[in-house]
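upload.cif follows (mmCIF, C-alpha atoms and all ligand atoms):
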```cif
data_entry
#
loop_
_atom_site.group_PDB
_atom_site.id
_atom_site.type_symbol
_atom_site.label_atom_id
_atom_site.label_comp_id
_atom_site.auth_asym_id
_atom_site.auth_seq_id
_atom_site.Cartn_x
_atom_site.Cartn_y
_atom_site.Cartn_z
ATOM 1 C CA MET A 1 0.000 0.000 0.000
ATOM 2 C CA ASN A 2 1.307 3.444 -0.887
ATOM 3 C CA ARG A 3 2.008 6.020 1.765
ATOM 4 C CA ILE A 4 -0.551 8.820 1.780
ATOM 5 C CA GLY A 5 0.284 12.367 2.801
ATOM 6 C CA LEU A 6 -1.501 15.690 3.060
ATOM 7 C CA ASN A 7 -0.394 19.114 1.882
ATOM 8 C CA ILE A 8 0.176 21.908 4.352
ATOM 9 C CA ASP A 9 -1.525 24.948 2.831
ATOM 10 C CA SER A 10 0.920 27.836 2.353
ATOM 11 C CA GLY A 11 -1.684 30.619 2.349
ATOM 12 C CA ARG A 12 -3.336 29.258 5.478
ATOM 13 C CA ILE A 13 -0.086 28.937 7.456
ATOM 14 C CA ASN A 14 1.076 32.339 6.158
ATOM 15 C CA GLY A 15 4.149 32.347 8.391
ATOM 16 C CA ASP A 16 2.333 31.225 11.567
ATOM 17 C CA LEU A 17 4.437 28.409 13.066
ATOM 18 C CA GLU A 18 1.930 27.748 15.860
ATOM 19 C CA LEU A 19 -0.666 27.023 13.191
ATOM 20 C CA LEU A 20 1.881 24.875 11.344
ATOM 21 C CA LYS A 21 2.263 22.784 14.479
ATOM 22 C CA ARG A 22 -1.514 22.496 14.922
ATOM 23 C CA ASP A 23 -2.053 21.456 11.295
ATOM 24 C CA ILE A 24 0.721 18.868 11.382
ATOM 25 C CA ARG A 25 -0.697 17.432 14.595
ATOM 26 C CA ALA A 26 -4.108 17.148 12.884
ATOM 27 C CA ILE A 27 -2.502 15.456 9.886
ATOM 28 C CA ALA A 28 -0.746 12.912 12.119
ATOM 29 C CA GLU A 29 -3.869 12.331 14.215
ATOM 30 C CA ALA A 30 -6.020 11.798 11.122
ATOM 31 C CA GLY A 31 -3.693 8.896 10.265
ATOM 32 C CA PHE A 32 -1.705 10.271 7.329
ATOM 33 C CA ASP A 33 1.827 8.945 6.776
ATOM 34 C CA ALA A 34 3.308 12.106 5.286
ATOM 35 C CA ALA A 35 2.999 15.872 4.944
ATOM 36 C CA GLU A 36 4.159 18.304 2.263
ATOM 37 C CA VAL A 37 5.702 21.485 3.648
ATOM 38 C CA PRO A 38 5.558 24.722 1.618
ATOM 39 C CA ILE A 39 8.852 26.552 2.146
ATOM 40 C CA HIS A 40 7.168 29.899 1.409
ATOM 41 C CA GLY A 41 4.333 29.230 3.873
ATOM 42 C CA VAL A 42 6.805 29.045 6.768
ATOM 43 C CA ASP A 43 8.897 32.129 5.847
ATOM 44 C CA ALA A 44 12.052 30.037 5.503
ATOM 45 C CA VAL A 45 13.584 31.931 2.582
ATOM 46 C CA MET A 46 14.003 35.652 1.988
ATOM 47 C CA ASN A 47 15.427 37.219 -1.174
ATOM 48 C CA GLY A 48 16.903 33.848 -2.049
ATOM 49 C CA ASP A 49 18.653 33.260 1.285
ATOM 50 C CA LEU A 50 17.631 30.588 3.757
ATOM 51 C CA CYS A 51 16.557 32.078 7.084
ATOM 52 C CA VAL A 52 18.674 29.816 9.244
ATOM 53 C CA GLY A 53 16.938 30.472 12.579
ATOM 54 C CA ARG A 54 13.558 29.971 11.000
ATOM 55 C CA VAL A 55 14.629 26.686 9.400
ATOM 56 C CA LYS A 56 15.741 25.473 12.843
ATOM 57 C CA GLN A 57 12.346 26.326 14.349
ATOM 58 C CA VAL A 58 10.498 24.573 11.520
ATOM 59 C CA LYS A 59 12.727 21.520 11.797
ATOM 60 C CA LYS A 60 12.079 21.291 15.525
ATOM 61 C CA ILE A 61 8.318 21.284 14.921
ATOM 62 C CA LEU A 62 8.557 18.671 12.147
ATOM 63 C CA ASN A 63 10.762 16.409 14.253
ATOM 64 C CA GLY A 64 8.021 16.270 16.878
ATOM 65 C CA PHE A 65 5.892 14.056 14.617
ATOM 66 C CA ASP A 66 6.428 10.657 13.069
ATOM 67 C CA LEU A 67 5.695 11.707 9.484
ATOM 68 C CA GLU A 68 7.585 11.556 6.221
ATOM 69 C CA TYR A 69 8.073 15.031 4.741
ATOM 70 C CA SER A 70 8.341 16.429 1.244
ATOM 71 C CA VAL A 71 8.693 20.090 0.284
ATOM 72 C CA HIS A 72 6.708 22.323 -2.060
ATOM 73 C CA ALA A 73 8.645 25.179 -3.677
ATOM 74 C CA PRO A 74 7.055 28.655 -3.875
ATOM 75 C CA ASP A 75 4.257 28.557 -6.480
ATOM 76 C CA ASP A 76 5.818 31.542 -8.252
ATOM 77 C CA LEU A 77 9.246 29.937 -8.576
ATOM 78 C CA ASN A 78 9.642 29.911 -12.346
ATOM 79 C CA LEU A 79 12.781 29.158 -14.338
ATOM 80 C CA GLN A 80 11.130 30.691 -17.393
ATOM 81 C CA ASP A 81 10.735 34.098 -15.744
ATOM 82 C CA ILE A 82 13.291 36.107 -17.649
ATOM 83 C CA ARG A 83 12.771 39.313 -15.656
ATOM 84 C CA TYR A 84 14.724 38.069 -12.630
ATOM 85 C CA PRO A 85 16.427 34.808 -13.664
ATOM 86 C CA GLU A 86 19.111 35.007 -10.969
ATOM 87 C CA ILE A 87 16.721 35.301 -8.029
ATOM 88 C CA HIS A 88 14.719 32.299 -9.254
ATOM 89 C CA ARG A 89 17.898 30.216 -9.377
ATOM 90 C CA LYS A 90 18.917 31.404 -5.928
ATOM 91 C CA VAL A 91 15.523 30.588 -4.411
ATOM 92 C CA PHE A 92 15.617 27.186 -6.096
ATOM 93 C CA ARG A 93 19.041 26.414 -4.596
ATOM 94 C CA ALA A 94 17.865 27.551 -1.159
ATOM 95 C CA THR A 95 14.780 25.356 -1.473
ATOM 96 C CA ILE A 96 16.906 22.308 -2.316
ATOM 97 C CA ARG A 97 19.006 23.004 0.789
ATOM 98 C CA PHE A 98 15.894 23.460 2.919
ATOM 99 C CA THR A 99 14.588 20.092 1.685
ATOM 100 C CA ALA A 100 17.817 18.356 2.664
ATOM 101 C CA GLU A 101 17.987 20.267 5.967
ATOM 102 C CA ILE A 102 14.590 19.030 7.169
ATOM 103 C CA GLY A 103 15.444 15.466 6.092
ATOM 104 C CA ALA A 104 13.049 15.359 3.127
ATOM 105 C CA LYS A 105 13.909 13.616 -0.121
ATOM 106 C CA THR A 106 11.399 15.141 -2.544
ATOM 107 C CA LEU A 107 10.992 18.728 -3.695
ATOM 108 C CA VAL A 108 8.035 19.757 -5.882
ATOM 109 C CA TYR A 109 8.481 22.562 -8.408
ATOM 110 C CA HIS A 110 5.786 23.850 -10.813
ATOM 111 C CA GLN A 111 6.711 23.594 -14.478
ATOM 112 C CA GLY A 112 8.036 26.955 -15.761
ATOM 113 C CA LYS A 113 5.871 29.390 -17.689
ATOM 114 C CA LEU A 114 7.272 32.074 -19.949
ATOM 115 C CA ARG A 115 7.113 35.444 -18.183
ATOM 116 C CA GLY A 116 8.477 38.891 -18.752
ATOM 117 C CA ASN A 117 9.376 38.378 -22.377
ATOM 118 C CA ASN A 118 9.309 41.563 -24.429
ATOM 119 C CA GLY A 119 10.246 39.797 -27.633
ATOM 120 C CA ASP A 120 14.003 39.723 -27.057
ATOM 121 C CA VAL A 121 14.184 35.962 -26.719
ATOM 122 C CA THR A 122 12.345 33.152 -28.430
ATOM 123 C CA GLU A 123 10.298 30.581 -26.542
ATOM 124 C CA GLU A 124 12.794 27.996 -27.693
ATOM 125 C CA GLU A 125 15.683 29.948 -26.122
ATOM 126 C CA VAL A 126 13.827 30.288 -22.815
ATOM 127 C CA ARG A 127 13.096 26.584 -22.798
ATOM 128 C CA GLN A 128 16.778 25.910 -23.343
ATOM 129 C CA ILE A 129 17.636 28.206 -20.404
ATOM 130 C CA GLU A 130 15.232 26.217 -18.216
ATOM 131 C CA ILE A 131 16.853 22.939 -19.312
ATOM 132 C CA ASP A 132 20.399 24.198 -18.643
ATOM 133 C CA THR A 133 19.397 25.591 -15.249
ATOM 134 C CA LEU A 134 17.684 22.331 -14.294
ATOM 135 C CA ILE A 135 20.834 20.394 -15.202
ATOM 136 C CA ASP A 136 22.825 22.528 -12.716
ATOM 137 C CA LEU A 137 20.124 22.360 -10.058
ATOM 138 C CA GLY A 138 19.743 18.626 -10.634
ATOM 139 C CA ARG A 139 23.400 18.123 -9.778
ATOM 140 C CA LEU A 140 23.056 20.158 -6.602
ATOM 141 C CA ALA A 141 19.919 18.184 -5.700
ATOM 142 C CA GLN A 142 21.696 14.902 -6.262
ATOM 143 C CA SER A 143 24.586 15.915 -4.005
ATOM 144 C CA GLU A 144 22.025 16.797 -1.307
ATOM 145 C CA GLY A 145 20.108 13.496 -1.727
ATOM 146 C CA VAL A 146 17.023 15.302 -3.067
ATOM 147 C CA THR A 147 14.830 14.492 -6.101
ATOM 148 C CA VAL A 148 13.235 17.509 -7.760
ATOM 149 C CA CYS A 149 9.792 16.534 -9.058
ATOM 150 C CA ILE A 150 8.414 18.915 -11.664
ATOM 151 C CA GLU A 151 4.660 19.304 -11.391
ATOM 152 C CA ASN A 152 2.261 19.832 -14.298
ATOM 153 C CA THR A 153 -0.007 22.835 -13.727
ATOM 154 C CA TYR A 154 -2.387 23.919 -16.468
ATOM 155 C CA SER A 155 0.065 22.499 -18.951
ATOM 156 C CA SER A 156 0.932 19.702 -21.335
ATOM 157 C CA ILE A 157 2.220 16.406 -19.950
ATOM 158 C CA THR A 158 4.004 15.688 -23.235
ATOM 159 C CA HIS A 159 6.009 18.923 -22.889
ATOM 160 C CA LEU A 160 6.855 18.059 -19.310
ATOM 161 C CA MET A 161 8.070 14.591 -20.311
ATOM 162 C CA ARG A 162 10.193 16.152 -23.046
ATOM 163 C CA LEU A 163 11.664 18.640 -20.564
ATOM 164 C CA ILE A 164 12.642 15.863 -18.143
ATOM 165 C CA GLU A 165 14.131 13.847 -21.013
ATOM 166 C CA SER A 166 16.153 16.855 -22.187
ATOM 167 C CA VAL A 167 17.482 17.540 -18.692
ATOM 168 C CA GLY A 168 18.466 13.888 -18.358
ATOM 169 C CA GLU A 169 19.444 14.086 -14.658
ATOM 170 C CA LYS A 170 18.527 11.215 -12.335
ATOM 171 C CA SER A 171 17.426 13.701 -9.699
ATOM 172 C CA ILE A 172 14.901 15.480 -11.974
ATOM 173 C CA LYS A 173 11.611 13.578 -12.216
ATOM 174 C CA MET A 174 7.876 14.258 -12.385
ATOM 175 C CA CYS A 175 5.184 15.068 -9.856
ATOM 176 C CA TYR A 176 2.004 14.095 -11.700
ATOM 177 C CA ASP A 177 -0.921 16.191 -10.479
ATOM 178 C CA PHE A 178 -3.876 14.125 -11.751
ATOM 179 C CA ALA A 179 -6.447 16.839 -11.120
ATOM 180 C CA HIS A 180 -4.521 19.547 -12.995
ATOM 181 C CA SER A 181 -4.083 17.196 -15.933
ATOM 182 C CA TYR A 182 -7.793 16.258 -15.872
ATOM 183 C CA ILE A 183 -8.833 19.915 -16.214
ATOM 184 C CA TYR A 184 -6.228 20.599 -18.882
ATOM 185 C CA MET A 185 -7.164 17.554 -20.946
ATOM 186 C CA ASN A 186 -10.907 18.139 -20.684
ATOM 187 C CA SER A 187 -10.751 21.774 -21.630
ATOM 188 C CA THR A 188 -7.999 21.944 -24.215
ATOM 189 C CA LYS A 189 -7.707 18.522 -25.747
ATOM 190 C CA PRO A 190 -11.160 16.982 -25.965
ATOM 191 C CA GLY A 191 -10.789 13.471 -27.246
ATOM 192 C CA HIS A 192 -7.334 13.060 -25.692
ATOM 193 C CA ASP A 193 -7.259 10.271 -23.203
ATOM 194 C CA PHE A 194 -6.517 11.439 -19.666
ATOM 195 C CA ILE A 195 -5.824 7.919 -18.390
ATOM 196 C CA ARG A 196 -3.558 7.166 -21.331
ATOM 197 C CA SER A 197 -1.494 10.279 -20.520
ATOM 198 C CA ILE A 198 -0.841 8.897 -17.035
ATOM 199 C CA GLN A 199 0.158 5.555 -18.455
ATOM 200 C CA VAL A 200 2.646 7.216 -20.815
ATOM 201 C CA ALA A 201 4.080 9.481 -18.108
ATOM 202 C CA ARG A 202 4.235 6.742 -15.466
ATOM 203 C CA PRO A 203 8.008 5.923 -15.902
ATOM 204 C CA TYR A 204 8.881 9.551 -15.069
ATOM 205 C CA VAL A 205 6.634 9.845 -12.009
ATOM 206 C CA ARG A 206 8.274 9.865 -8.542
ATOM 207 C CA HIS A 207 5.635 11.836 -6.671
ATOM 208 C CA ALA A 208 1.927 12.461 -7.200
ATOM 209 C CA HIS A 209 -0.719 14.982 -6.170
ATOM 210 C CA VAL A 210 -4.243 13.706 -5.712
ATOM 211 C CA HIS A 211 -7.391 15.856 -5.484
ATOM 212 C CA ASP A 212 -10.698 16.201 -7.303
ATOM 213 C CA ASN A 213 -12.614 18.604 -9.547
ATOM 214 C CA PHE A 214 -15.187 18.605 -12.349
ATOM 215 C CA GLY A 215 -12.812 18.994 -15.287
ATOM 216 C CA LYS A 216 -13.937 22.538 -16.053
ATOM 217 C CA ALA A 217 -11.164 25.038 -16.641
ATOM 218 C CA ASN A 218 -11.260 28.446 -15.124
ATOM 219 C CA LEU A 219 -9.775 30.195 -18.097
ATOM 220 C CA GLU A 220 -9.573 33.535 -16.308
ATOM 221 C CA SER A 221 -7.042 31.992 -13.924
ATOM 222 C CA GLU A 222 -4.559 32.294 -16.765
ATOM 223 C CA LEU A 223 -5.189 36.031 -16.617
ATOM 224 C CA GLU A 224 -4.839 36.049 -12.834
ATOM 225 C CA SER A 225 -8.385 37.301 -12.368
ATOM 226 C CA ALA A 226 -10.037 34.041 -11.351
ATOM 227 C CA PRO A 227 -13.295 34.364 -9.416
ATOM 228 C CA PRO A 228 -12.927 33.607 -5.704
ATOM 229 C CA TYR A 229 -13.435 30.030 -4.521
ATOM 230 C CA ILE A 230 -16.921 30.741 -3.179
ATOM 231 C CA GLU A 231 -17.998 31.733 -6.690
ATOM 232 C CA ALA A 232 -16.194 28.871 -8.450
ATOM 233 C CA MET A 233 -17.433 26.122 -6.094
ATOM 234 C CA PRO A 234 -21.177 26.420 -6.856
ATOM 235 C CA MET A 235 -20.428 26.156 -10.579
ATOM 236 C CA GLY A 236 -17.877 23.372 -10.117
ATOM 237 C CA ILE A 237 -15.450 25.387 -12.185
ATOM 238 C CA GLY A 238 -11.686 25.471 -11.806
ATOM 239 C CA ASP A 239 -8.963 23.781 -9.794
ATOM 240 C CA LEU A 240 -11.073 23.175 -6.686
ATOM 241 C CA HIS A 241 -8.683 20.865 -4.765
ATOM 242 C CA LEU A 242 -11.555 18.744 -3.426
ATOM 243 C CA PRO A 243 -11.267 15.436 -1.568
ATOM 244 C CA VAL A 244 -11.219 12.380 -3.845
ATOM 245 C CA GLY A 245 -14.723 11.245 -4.781
ATOM 246 C CA TRP A 246 -16.301 14.699 -4.600
ATOM 247 C CA GLY A 247 -15.621 15.515 -8.254
ATOM 248 C CA THR A 248 -15.652 13.451 -11.430
ATOM 249 C CA ILE A 249 -12.063 12.221 -11.809
ATOM 250 C CA PRO A 250 -12.100 8.437 -12.412
ATOM 251 C CA TYR A 251 -9.589 7.653 -9.662
ATOM 252 C CA GLU A 252 -9.991 3.876 -9.842
ATOM 253 C CA ASP A 253 -8.747 4.018 -13.416
ATOM 254 C CA VAL A 254 -5.975 6.418 -12.407
ATOM 255 C CA PHE A 255 -4.647 4.026 -9.761
ATOM 256 C CA ARG A 256 -5.018 1.032 -12.080
ATOM 257 C CA VAL A 257 -2.546 2.539 -14.524
ATOM 258 C CA MET A 258 -0.259 3.615 -11.678
ATOM 259 C CA ASP A 259 0.460 -0.074 -11.113
ATOM 260 C CA GLY A 260 3.991 -0.474 -9.725
ATOM 261 C CA TYR A 261 4.161 3.058 -8.273
ATOM 262 C CA GLU A 262 5.621 2.736 -4.788
ATOM 263 C CA ASP A 263 6.086 6.374 -3.815
ATOM 264 C CA THR A 264 3.817 8.633 -1.816
ATOM 265 C CA TYR A 265 0.459 10.073 -2.866
ATOM 266 C CA ILE A 266 -0.067 13.575 -1.516
ATOM 267 C CA LEU A 267 -3.702 14.523 -1.102
ATOM 268 C CA GLU A 268 -3.693 18.238 -1.879
ATOM 269 C CA LEU A 269 -6.737 19.947 -0.385
ATOM 270 C CA GLN A 270 -7.987 23.520 -0.480
ATOM 271 C CA GLU A 271 -7.422 25.313 2.810
ATOM 272 C CA ARG A 272 -11.140 25.407 3.817
ATOM 273 C CA PHE A 273 -10.987 21.620 4.420
ATOM 274 C CA PHE A 274 -8.658 22.205 7.362
ATOM 275 C CA GLU A 275 -11.406 24.123 9.148
ATOM 276 C CA ASN A 276 -14.260 22.762 11.299
ATOM 277 C CA ARG A 277 -11.894 21.063 13.713
ATOM 278 C CA TYR A 278 -10.315 19.154 10.852
ATOM 279 C CA SER A 279 -13.448 17.011 10.545
ATOM 280 C CA VAL A 280 -13.027 16.497 6.793
ATOM 281 C CA LEU A 281 -9.455 15.181 6.959
ATOM 282 C CA LYS A 282 -10.181 11.736 8.383
ATOM 283 C CA ASP A 283 -12.963 11.048 5.876
ATOM 284 C CA ALA A 284 -10.842 12.349 3.008
ATOM 285 C CA LEU A 285 -8.069 9.916 3.958
ATOM 286 C CA LYS A 286 -10.500 7.033 4.441
ATOM 287 C CA ASP A 287 -12.099 7.606 1.034
ATOM 288 C CA LEU A 288 -8.776 7.805 -0.788
ATOM 289 C CA ARG A 289 -7.476 4.713 0.976
ATOM 290 C CA ALA A 290 -10.667 2.832 0.087
ATOM 291 C CA VAL A 291 -10.183 3.534 -3.639
ATOM 292 C CA LEU A 292 -6.540 2.424 -3.442
ATOM 293 C CA GLU A 293 -7.537 -0.733 -1.570
ATOM 294 C CA ARG A 294 -10.212 -1.631 -4.111
ATOM 295 C CA VAL A 295 -7.703 -1.317 -6.937
ATOM 296 C CA ASP A 296 -5.090 -3.291 -4.959
ATOM 297 C CA ALA A 297 -7.557 -6.090 -4.202
ATOM 298 C CA GLU A 298 -8.533 -6.303 -7.846
ATOM 299 C CA ARG A 299 -4.863 -6.558 -8.787
ATOM 300 C CA GLY A 300 -4.391 -9.387 -6.289
ATOM 301 C CA GLU A 301 -7.374 -11.251 -7.758
ATOM 302 C CA SER A 302 -6.180 -10.997 -11.320
ATOM 303 C CA THR A 303 -2.650 -12.166 -10.457
ATOM 304 C CA ARG A 304 -3.955 -15.102 -8.397
ATOM 305 C CA GLY A 305 -6.305 -16.101 -11.189
ATOM 306 C CA GLY A 306 -3.995 -16.244 -14.143
ATOM 307 C CA GLY A 307 -0.405 -15.316 -13.350
ATOM 308 C CA LEU A 308 0.626 -12.152 -15.158
ATOM 309 C CA SER A 309 -2.723 -11.370 -16.635
ATOM 310 C CA VAL A 310 -3.183 -7.836 -15.318
ATOM 311 C CA ASP A 311 -4.955 -5.833 -17.962
ATOM 312 C CA PRO A 312 -2.651 -2.873 -18.625
ATOM 313 C CA LEU A 313 -5.516 -0.755 -19.930
ATOM 314 C CA PRO A 314 -8.204 0.792 -17.763
ATOM 315 C CA ARG A 315 -11.542 -0.920 -17.655
ATOM 316 C CA PHE A 316 -13.887 2.005 -18.016
ATOM 317 C CA GLU A 317 -16.970 -0.168 -18.002
ATOM 318 C CA ARG A 318 -16.178 -1.169 -14.424
ATOM 319 C CA GLN A 319 -16.033 2.385 -13.201
ATOM 320 C CA ILE A 320 -18.490 2.819 -10.355
ATOM 321 C CA PRO A 321 -19.570 6.352 -9.516
ATOM 322 C CA TYR A 322 -18.425 7.404 -6.077
ATOM 323 C CA GLN A 323 -20.855 8.126 -3.385
ATOM 324 C CA GLN A 324 -20.750 11.800 -2.608
ATOM 325 C CA ARG A 325 -20.064 12.540 0.985
ATOM 326 C CA LYS A 326 -21.893 15.350 2.635
ATOM 327 C CA TYR A 327 -19.703 18.357 3.323
ATOM 328 C CA LYS A 328 -20.805 19.733 6.637
HETATM 329 ZN ZN ZN B 401 -0.426 19.906 -7.082
#
```
Spit out the file's structure as structure tokens when you get a sec.
Amino acid sequence: MNRIGLNIDSGRINGDLELLKRDIRAIAEAGFDAAEVPIHGVDAVMNGDLCVGRVKQVKKILNGFDLEYSVHAPDDLNLQDIRYPEIHRKVFRATIRFTAEIGAKTLVYHQGKLRGNNGDVTEEEVRQIEIDTLIDLGRLAQSEGVTVCIENTYSSITHLMRLIESVGEKSIKMCYDFAHSYIYMNSTKPGHDFIRSIQVARPYVRHAHVHDNFGKANLESELESAPPYIEAMPMGIGDLHLPVGWGTIPYEDVFRVMDGYEDTYILELQERFFENRYSVLKDALKDLRAVLERVDAERGESTRGGGLSVDPLPRFERQIPYQQRKYK
């Protein structure tokens, strides 16, 4: 059975280490095996330098719990931002060091997006800069015992696979965010097979983000003027970061094609699900575990029955709609 972790929400923590401690305690008490720590949420880096005292305080809190940790880089860290390339590299290096310092092995970084280009450089040149930078950072990561997992946002999985191939460092792999890919595929590539994209990307995947939505893109989010969550939720639009089973992502099929994946699944929930005395967390874990167990049991049956007869392709006809839990 895979380890299951929960994200620590950067905006919610917002530099409050007492709240960090409370949220981690809730995560441990709910029965999760792991937690993903946002370096920016705990004020551990400033202008590209690690805040050493702060890192010590964070480490002390983390050490108080028996959880495996991974790290999430600042969401705005972007190796394709050509306005301030040096500061992005510096923050990236500091984040790798932070990851090693707290004893984590995995660092998640969002795939770069071209920013600040006034026509001086071509997209191809910027992509090459990102590749070269990732080669350098990959070597630093390797020396620190860290794997950098590049996460797909509202972006193409094929491009991400090509990027990882071009970098060619053992320490640069993929964090597949199923829910981001589901929205992207549904809204930009109708007819493209979401499950097939996971199957193709599977050899690159060393970390995965799990949450739910209704596959409807919030196109304004590209313009940074997305409606607030309370407006998006009633319409089921956008990257809602819901517990598994609340949206329409066919997670049984997802986990079927993730056969052989032994790393951690991080359930990545919107910050409102940490409220109400954390009442949603236990159910969210139970529901995710139940889906994983169903898929595992099915795998066991098919191997007992006929040796290596596991169907490598998803069986859509066996998809059973999830029961919606009431959100109180
Ligand atoms: Zn994610």
Given all atoms listed in the file, how would the per-residue table for stretch 250-294 of chain A near stretch 29-46 of chain A read, listing every residue at most 9 Å away with its closest atom pair and distance in Å to one decimal, sorted by chain and number, as CSV?
```
residue,atom,partner,partner_atom,distance
A:Thr264,CA,A:Ala34,CA,7.9
A:Tyr265,CA,A:Ala34,CA,8.9
A:Ile266,CA,A:Glu36,CA,7.4
A:Glu268,CA,A:Glu36,CA,8.9
A:Tyr278,CA,A:Ala30,CA,8.5
A:Leu281,CA,A:Ala30,CA,6.4
A:Lys282,CA,A:Ala30,CA,5.0
A:Asp283,CA,A:Ala30,CA,8.7
A:Leu285,CA,A:Phe32,CA,7.2
```
Interatomic distance, atom CA of A:Arg83 to atom CA of A:Cys149 (Å, one decimal):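 Between atom CA of A:Arg83 and atom CA of A:Cys149 the gap is 23.9 Å.
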Would you compute the distance between atom CA of A:Thr158 and atom CA of A:Ile183? Give it in Å to one decimal.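 It comes out at 15.2 Å.
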Grab me every residue within 12 Å of ligand ZN 401 (chain B), counting all atoms listed in the file, and send it over as a PyMOL selection string. chain A and resi 6-9+36+38+71-75+107-111+149-154+174-181+207-212+239-242+265-270
Expand the PyMOL selection byres (((chain A and resi 130-137) around 9) and not hetatm) into the individual residues it matches in the shown file, reporting them as a JSON list (two decimals) with C-alpha atoms, in the frame of the given file.
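Resulting contents of expr_38.json:
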```
[["chain", "number", "residue", "atom", "x", "y", "z"],
["A", 78, "ASN", "CA", 9.64, 29.91, -12.35],
["A", 79, "LEU", "CA", 12.78, 29.16, -14.34],
["A", 80, "GLN", "CA", 11.13, 30.69, -17.39],
["A", 89, "ARG", "CA", 17.90, 30.22, -9.38],
["A", 92, "PHE", "CA", 15.62, 27.19, -6.10],
["A", 93, "ARG", "CA", 19.04, 26.41, -4.60],
["A", 96, "ILE", "CA", 16.91, 22.31, -2.32],
["A", 112, "GLY", "CA", 8.04, 26.96, -15.76],
["A", 125, "GLU", "CA", 15.68, 29.95, -26.12],
["A", 126, "VAL", "CA", 13.83, 30.29, -22.82],
["A", 127, "ARG", "CA", 13.10, 26.58, -22.80],
["A", 128, "GLN", "CA", 16.78, 25.91, -23.34],
["A", 129, "ILE", "CA", 17.64, 28.21, -20.40],
["A", 138, "GLY", "CA", 19.74, 18.63, -10.63],
["A", 139, "ARG", "CA", 23.40, 18.12, -9.78],
["A", 140, "LEU", "CA", 23.06, 20.16, -6.60],
["A", 141, "ALA", "CA", 19.92, 18.18, -5.70],
["A", 142, "GLN", "CA", 21.70, 14.90, -6.26],
["A", 148, "VAL", "CA", 13.24, 17.51, -7.76],
["A", 163, "LEU", "CA", 11.66, 18.64, -20.56],
["A", 164, "ILE", "CA", 12.64, 15.86, -18.14],
["A", 166, "SER", "CA", 16.15, 16.86, -22.19],
["A", 167, "VAL", "CA", 17.48, 17.54, -18.69],
["A", 168, "GLY", "CA", 18.47, 13.89, -18.36],
["A", 169, "GLU", "CA", 19.44, 14.09, -14.66],
["A", 172, "ILE", "CA", 14.90, 15.48, -11.97]]
```
Pick out the closest residue to A:Gln57 from this set: A:Asp76, A:Asp23, A:Glu101, A:Asp296. Count only C-alpha atoms.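 Comparing A:Asp76, A:Asp23, A:Glu101, A:Asp296 against A:Gln57, the winner is A:Glu101.
Between atom CA of A:Ala26 and atom CA of A:Ile237 the interatomic distance comes to 28.7 Å.
Residues of protein, DNA or RNA having at least one counted atom within 12 Å of (-17.3, 26.8, -7.7), given only C-alpha atoms, are Asn213, Phe214, Gly215, Lys216, Ala217, Asn218, Ala226, Pro227, Pro228, Tyr229, Ile230, Glu231, Ala232, Met233, Pro234, Met235, Gly236, Ile237, Gly238, Asp239, Leu240, His241, Leu242 and Gly247 of chain A.
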Taking all listed atoms of stretch 231-241 of chain A, build the axis-aligned box, pad each of the six sides by 5 Å, then write its centre and edge lengths in Å to one decimal as JSON.
```
{"center_x": -14.9, "center_y": 26.3, "center_z": -8.5, "size_x": 22.5, "size_y": 20.9, "size_z": 17.4}
```
Using all atoms listed in the file, what table do you get, as a Markdown table, when you list each residue of stretch 74-159 of chain A with an atom no more than 10 Å from stretch 185-191 of chain A, its nearest pair of atoms, and their distance in Å rounded to one decimal, rows by chain then rising number?
```
| residue | atom | partner | partner_atom | distance |
| --- | --- | --- | --- | --- |
| A:Tyr154 | CA | A:Met185 | CA | 9.1 |
| A:Ser155 | CA | A:Met185 | CA | 9.0 |
| A:Ser156 | CA | A:Met185 | CA | 8.4 |
| A:Ile157 | CA | A:Met185 | CA | 9.5 |
```
